[in-house]
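Engineer: Structure: work.cif, mmCIF, C-alpha atoms.
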```cif
data_protein
loop_
_atom_site.group_PDB
_atom_site.id
_atom_site.type_symbol
_atom_site.label_atom_id
_atom_site.label_comp_id
_atom_site.auth_asym_id
_atom_site.auth_seq_id
_atom_site.Cartn_x
_atom_site.Cartn_y
_atom_site.Cartn_z
ATOM 1 C CA MET A 1 -159.233 28.292 103.073
ATOM 2 C CA THR A 2 -158.582 31.929 102.570
ATOM 3 C CA THR A 3 -155.806 33.851 104.239
ATOM 4 C CA ASN A 4 -156.096 37.537 104.706
ATOM 5 C CA ARG A 5 -153.173 39.910 104.467
ATOM 6 C CA THR A 6 -152.906 40.383 108.284
ATOM 7 C CA GLN A 7 -152.645 36.642 108.888
ATOM 8 C CA LEU A 8 -149.989 36.340 106.192
ATOM 9 C CA GLN A 9 -147.925 39.123 107.797
ATOM 10 C CA CYS A 10 -148.296 37.426 111.173
ATOM 11 C CA TYR A 11 -147.050 34.103 109.749
ATOM 12 C CA ARG A 12 -144.147 35.848 108.065
ATOM 13 C CA HIS A 13 -143.327 37.672 111.315
ATOM 14 C CA ARG A 14 -143.466 34.439 113.351
ATOM 15 C CA GLY A 15 -141.343 32.712 110.745
ATOM 16 C CA ALA A 16 -138.783 35.489 110.889
ATOM 17 C CA VAL A 17 -138.616 35.324 114.685
ATOM 18 C CA THR A 18 -138.295 31.550 114.596
ATOM 19 C CA SER A 19 -135.613 31.736 111.898
ATOM 20 C CA THR A 20 -133.726 34.449 113.758
ATOM 21 C CA THR A 21 -133.922 32.535 117.037
ATOM 22 C CA ALA A 22 -132.704 29.362 115.366
ATOM 23 C CA ALA A 23 -129.841 31.226 113.687
ATOM 24 C CA ILE A 24 -128.742 32.800 116.979
ATOM 25 C CA ALA A 25 -128.945 29.451 118.784
ATOM 26 C CA ALA A 26 -126.931 27.755 116.040
ATOM 27 C CA LEU A 27 -124.314 30.523 116.182
ATOM 28 C CA MET A 28 -124.018 30.256 119.949
ATOM 29 C CA ILE A 29 -123.650 26.460 119.836
ATOM 30 C CA SER A 30 -121.074 26.777 117.072
ATOM 31 C CA MET A 31 -119.097 29.312 119.084
ATOM 32 C CA ALA A 32 -119.276 27.181 122.226
ATOM 33 C CA LEU A 33 -117.902 24.197 120.359
ATOM 34 C CA GLN A 34 -115.080 26.162 118.735
ATOM 35 C CA ILE A 35 -113.913 28.255 121.688
ATOM 36 C CA PRO A 36 -112.844 26.247 124.712
ATOM 37 C CA THR A 37 -114.073 27.518 128.027
ATOM 38 C CA ALA A 38 -111.446 29.253 130.130
ATOM 39 C CA HIS A 39 -109.378 26.769 132.106
ATOM 40 C CA ALA A 40 -111.345 23.812 130.755
ATOM 41 C CA ASP A 41 -108.337 21.493 130.881
ATOM 42 C CA ASP A 42 -105.586 22.515 133.262
ATOM 43 C CA SER A 43 -104.110 19.029 133.678
ATOM 44 C CA GLY A 44 -100.948 19.886 131.744
ATOM 45 C CA ALA A 45 -100.323 23.045 133.743
ATOM 46 C CA LEU A 46 -101.068 21.305 137.047
ATOM 47 C CA ASP A 47 -98.795 18.343 136.346
ATOM 48 C CA GLY A 48 -96.160 20.759 135.049
ATOM 49 C CA LEU A 49 -96.282 22.695 138.317
ATOM 50 C CA ILE A 50 -95.674 19.660 140.540
ATOM 51 C CA SER A 51 -93.311 17.793 138.207
ATOM 52 C CA GLY A 52 -91.379 21.041 137.807
ATOM 53 C CA LEU A 53 -91.207 21.344 141.595
ATOM 54 C CA HIS A 54 -89.545 17.929 141.820
ATOM 55 C CA GLN A 55 -87.196 18.733 138.929
ATOM 56 C CA ASP A 56 -86.194 22.048 140.535
ATOM 57 C CA ALA A 57 -85.464 20.229 143.810
ATOM 58 C CA HIS A 58 -83.368 17.608 142.001
ATOM 59 C CA GLU A 59 -81.351 20.299 140.185
ATOM 60 C CA GLY A 60 -81.094 22.564 143.231
ATOM 61 C CA ASN A 61 -82.958 25.468 141.585
ATOM 62 C CA PHE A 62 -83.801 27.323 144.788
ATOM 63 C CA GLU A 63 -85.523 30.386 143.256
ATOM 64 C CA THR A 64 -87.723 28.552 140.762
ATOM 65 C CA TYR A 65 -88.540 25.860 143.331
ATOM 66 C CA PHE A 66 -89.895 28.409 145.796
ATOM 67 C CA ASP A 67 -91.540 30.565 143.117
ATOM 68 C CA ARG A 68 -93.975 27.688 142.689
ATOM 69 C CA TYR A 69 -95.482 28.314 146.158
ATOM 70 C CA THR A 70 -97.942 30.964 147.303
ATOM 71 C CA PRO A 71 -96.518 33.539 149.744
ATOM 72 C CA ASP A 72 -98.641 32.015 152.547
ATOM 73 C CA ALA A 73 -97.891 28.374 151.709
ATOM 74 C CA VAL A 74 -97.313 25.713 154.350
ATOM 75 C CA PHE A 75 -94.971 22.728 153.941
ATOM 76 C CA LEU A 76 -95.255 19.630 156.133
ATOM 77 C CA GLY A 77 -92.168 17.400 156.203
ATOM 78 C CA THR A 78 -91.762 13.820 157.346
ATOM 79 C CA ASP A 79 -90.762 14.702 160.924
ATOM 80 C CA LYS A 80 -93.501 15.720 163.369
ATOM 81 C CA THR A 81 -91.640 19.014 164.000
ATOM 82 C CA GLU A 82 -91.611 19.960 160.322
ATOM 83 C CA ARG A 83 -94.558 22.315 159.878
ATOM 84 C CA TRP A 84 -93.127 25.327 158.133
ATOM 85 C CA THR A 85 -94.324 28.555 156.606
ATOM 86 C CA ILE A 86 -92.742 29.095 153.226
ATOM 87 C CA ASP A 87 -90.097 31.406 154.746
ATOM 88 C CA GLU A 88 -89.204 28.799 157.391
ATOM 89 C CA PHE A 89 -89.031 26.122 154.708
ATOM 90 C CA LYS A 90 -86.693 28.313 152.637
ATOM 91 C CA ARG A 91 -84.317 28.626 155.612
ATOM 92 C CA TYR A 92 -84.376 24.854 156.075
ATOM 93 C CA ALA A 93 -83.851 24.112 152.372
ATOM 94 C CA GLU A 94 -81.201 26.711 151.546
ATOM 95 C CA PRO A 95 -78.192 24.596 152.639
ATOM 96 C CA ALA A 96 -79.497 21.569 150.708
ATOM 97 C CA PHE A 97 -79.847 23.653 147.547
ATOM 98 C CA ALA A 98 -76.515 25.488 147.971
ATOM 99 C CA ASP A 99 -74.467 22.821 146.170
ATOM 100 C CA GLY A 100 -76.882 22.649 143.224
ATOM 101 C CA HIS A 101 -78.562 19.459 144.414
ATOM 102 C CA GLY A 102 -81.601 19.642 146.651
ATOM 103 C CA TRP A 103 -83.351 16.287 146.960
ATOM 104 C CA THR A 104 -84.652 13.750 144.486
ATOM 105 C CA TYR A 105 -88.076 12.124 144.437
ATOM 106 C CA LYS A 106 -89.193 10.092 141.433
ATOM 107 C CA VAL A 107 -92.920 10.366 140.715
ATOM 108 C CA ILE A 108 -94.575 6.944 140.534
ATOM 109 C CA GLU A 109 -98.179 8.140 140.194
ATOM 110 C CA ARG A 110 -100.258 11.257 140.738
ATOM 111 C CA HIS A 111 -103.999 11.916 141.073
ATOM 112 C CA TRP A 112 -105.844 15.254 140.839
ATOM 113 C CA GLU A 113 -109.204 16.239 142.285
ATOM 114 C CA GLY A 114 -111.308 19.378 142.383
ATOM 115 C CA SER A 115 -112.330 22.037 139.918
ATOM 116 C CA GLY A 116 -112.216 25.774 139.547
ATOM 117 C CA ASP A 117 -109.336 27.748 141.006
ATOM 118 C CA THR A 118 -108.506 25.279 143.806
ATOM 119 C CA ARG A 119 -107.320 21.721 143.218
ATOM 120 C CA TRP A 120 -105.732 19.032 145.368
ATOM 121 C CA PHE A 121 -103.566 16.060 144.589
ATOM 122 C CA ASP A 122 -101.830 13.047 145.994
ATOM 123 C CA GLU A 123 -98.786 11.358 144.552
ATOM 124 C CA VAL A 124 -96.599 8.365 145.310
ATOM 125 C CA LEU A 125 -92.898 9.164 145.161
ATOM 126 C CA LEU A 126 -89.703 7.129 145.456
ATOM 127 C CA ASN A 127 -86.635 8.440 147.278
ATOM 128 C CA ALA A 128 -83.285 6.636 147.602
ATOM 129 C CA LYS A 129 -83.075 7.172 151.384
ATOM 130 C CA LEU A 130 -86.729 7.122 152.484
ATOM 131 C CA GLY A 131 -88.226 4.645 150.013
ATOM 132 C CA HIS A 132 -91.812 5.226 148.964
ATOM 133 C CA CYS A 133 -93.374 8.470 150.154
ATOM 134 C CA ARG A 134 -96.646 10.244 149.555
ATOM 135 C CA GLY A 135 -96.931 13.875 148.647
ATOM 136 C CA THR A 136 -100.282 15.566 149.059
ATOM 137 C CA GLY A 137 -101.093 19.153 148.361
ATOM 138 C CA VAL A 138 -103.433 21.951 147.474
ATOM 139 C CA VAL A 139 -102.861 24.345 144.605
ATOM 140 C CA ARG A 140 -104.610 27.627 143.836
ATOM 141 C CA ARG A 141 -104.801 29.735 140.731
ATOM 142 C CA VAL A 142 -103.344 33.118 141.675
ATOM 143 C CA ASP A 143 -103.474 35.862 139.042
ATOM 144 C CA GLY A 144 -103.939 33.226 136.335
ATOM 145 C CA GLU A 145 -101.033 31.054 137.493
ATOM 146 C CA TRP A 146 -101.161 27.814 139.495
ATOM 147 C CA LYS A 147 -99.280 27.958 142.818
ATOM 148 C CA ILE A 148 -98.800 25.472 145.653
ATOM 149 C CA ALA A 149 -100.594 26.583 148.829
ATOM 150 C CA HIS A 150 -99.971 23.452 150.898
ATOM 151 C CA TYR A 151 -97.666 20.447 150.487
ATOM 152 C CA ALA A 152 -97.250 17.491 152.841
ATOM 153 C CA LEU A 153 -94.651 14.741 152.504
ATOM 154 C CA THR A 154 -95.137 11.485 154.411
ATOM 155 C CA MET A 155 -93.282 8.205 154.453
ATOM 156 C CA LEU A 156 -95.266 5.166 153.397
ATOM 157 C CA VAL A 157 -94.787 2.291 155.806
ATOM 158 C CA PRO A 158 -95.753 -1.193 154.648
ATOM 159 C CA ASN A 159 -98.266 -2.776 157.032
ATOM 160 C CA VAL A 160 -96.021 -5.796 157.640
ATOM 161 C CA ILE A 161 -93.437 -3.555 159.389
ATOM 162 C CA ALA A 162 -95.757 -0.859 160.741
ATOM 163 C CA ALA A 163 -95.708 -2.131 164.351
ATOM 164 C CA GLU A 164 -91.900 -2.266 164.323
ATOM 165 C CA VAL A 165 -91.664 1.253 162.900
ATOM 166 C CA GLY A 166 -94.232 2.435 165.441
ATOM 167 C CA SER A 167 -92.170 0.960 168.285
ATOM 168 C CA GLN A 168 -89.044 2.716 167.006
ATOM 169 C CA THR A 169 -90.940 5.997 166.699
ATOM 170 C CA ARG A 170 -92.325 5.742 170.239
ATOM 171 C CA ARG A 171 -88.860 4.879 171.575
ATOM 172 C CA THR A 172 -87.228 7.782 169.701
ATOM 173 C CA ASP A 173 -89.932 10.192 170.926
ATOM 174 C CA GLY A 174 -89.611 8.891 174.480
ATOM 175 C CA VAL A 175 -93.213 7.685 174.582
ATOM 176 C CA THR A 176 -93.603 4.952 177.187
ATOM 177 C CA ASP A 177 -97.353 4.728 177.561
ATOM 178 C CA THR A 178 -99.778 3.907 174.803
ATOM 179 C CA PRO A 179 -103.380 5.017 174.464
#
```
Taking this structure as input, can you express it in the form of structure tokens?

Structural biologist:
Amino acid sequence: MTTNRTQLQCYRHRGAVTSTTAAIAALMISMALQIPTAHADDSGALDGLISGLHQDAHEGNFETYFDRYTPDAVFLGTDKTERWTIDEFKRYAEPAFADGHGWTYKVIERHWEGSGDTRWFDEVLLNAKLGHCRGTGVVRRVDGEWKIAHYALTMLVPNVIAAEVGSQTRRTDGVTDTP
């Protein structure tokens, strides 16, 4: 088989393109493996945000506690009347934080869901007065920093006493008829 000069140049050219393409692909894969994608693992920052919130409440750190929320955040407390904007929540919390002790909830477990710049969580907490509670919330990345946009605190009622607690709640609320 004879190869003319044009065919040889064509093979060399194809070989160069293939080699160049392979080199670029290898470089890109190497770079992807060495440089983590932005925000690939935010679990430490997310847990730090919420655990820090509880620590700030325990220590009565009013400013840092509320710096963890977005300006338009909503907080839902355990009472049915407790749906507060962040400014309303600050007014409620200020007296509790004034003596350097807000409130204390021990984290028992926490679970995160979601991806991107919005995540949500649920956690089981333990409080000396209320027993086991559940915190649920939504956090958003705002200007590169995680902030709490929504937090809800509920009391966990064991099923074996739920009817009794329900009766007390209806009585306290003045509810006489049931659906």

Engineer: List, as an NGL selection string, every residue that the PyMOL selection byres ((chain A and resi 115) around 12) selects in the file provided.

Structural biologist: :A and (39-43 or 46 or 112-114 or 116-121 or 138-141)

Engineer: List every protein, DNA or RNA residue that has an atom no more than 9 Å from (-91.2, 16.3, 153.1) in the file's coordinate frame, counting only C-alpha atoms, and report them as a PyMOL selection string.

Structural biologist: chain A and resi 75-79+82+133-135+151-155

Engineer: What does the PyMOL selection byres ((chain A and resi 106) around 7) select in this file, as a PyMOL selection string?

Structural biologist: chain A and resi 104-105+107-108+125-127

Engineer: Which distance in Å separates CA of Asn61 in chain A and CA of Ala96 in chain A, to one decimal?

Structural biologist: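 Straight-line distance from CA of Asn61 in chain A to CA of Ala96 in chain A works out to 10.5 Å.
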
Engineer: Record the distance separating CA of Tyr69 in chain A and CA of Leu156 in chain A, expressed in Å with one decimal.

Structural biologist: 24.3 Å

Engineer: For a test of reading the model, state the distance in Å between CA of Phe89 in chain A and CA of Tyr65 in chain A, rounded to one decimal.

Structural biologist: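 Going from CA of Phe89 in chain A over to CA of Tyr65 in chain A covers 11.4 Å.
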
Engineer: Between A:Lys80, A:Arg170, A:Arg68, A:Lys90, single out the one closest to His54 in chain A, counting all atoms listed in the file.

Structural biologist: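 When distances to His54 in chain A are compared using all atoms listed in the file, the smallest one comes from A:Arg68.
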
Engineer: Which residues, written as a PDB file with C-alpha atoms, in the frame of the given file, have at least one atom at most 12 Å from Pro71 in chain A, with all atoms listed in the file counted and residues fewer than 3 positions away on the same chain left out?

Structural biologist:
```pdb
ATOM      1  CA  PHE A  66     -89.895  28.409 145.796  1.00  0.00           C
ATOM      2  CA  ASP A  67     -91.540  30.565 143.117  1.00  0.00           C
ATOM      3  CA  ARG A  68     -93.975  27.688 142.689  1.00  0.00           C
ATOM      4  CA  VAL A  74     -97.313  25.713 154.350  1.00  0.00           C
ATOM      5  CA  PHE A  75     -94.971  22.728 153.941  1.00  0.00           C
ATOM      6  CA  THR A  85     -94.324  28.555 156.606  1.00  0.00           C
ATOM      7  CA  ILE A  86     -92.742  29.095 153.226  1.00  0.00           C
ATOM      8  CA  ASP A  87     -90.097  31.406 154.746  1.00  0.00           C
ATOM      9  CA  GLU A  88     -89.204  28.799 157.391  1.00  0.00           C
ATOM     10  CA  PHE A  89     -89.031  26.122 154.708  1.00  0.00           C
ATOM     11  CA  LYS A  90     -86.693  28.313 152.637  1.00  0.00           C
ATOM     12  CA  ARG A 140    -104.610  27.627 143.836  1.00  0.00           C
ATOM     13  CA  VAL A 142    -103.344  33.118 141.675  1.00  0.00           C
ATOM     14  CA  LYS A 147     -99.280  27.958 142.818  1.00  0.00           C
ATOM     15  CA  ILE A 148     -98.800  25.472 145.653  1.00  0.00           C
ATOM     16  CA  ALA A 149    -100.594  26.583 148.829  1.00  0.00           C
ATOM     17  CA  HIS A 150     -99.971  23.452 150.898  1.00  0.00           C
TER      18      HIS A 150
END
```
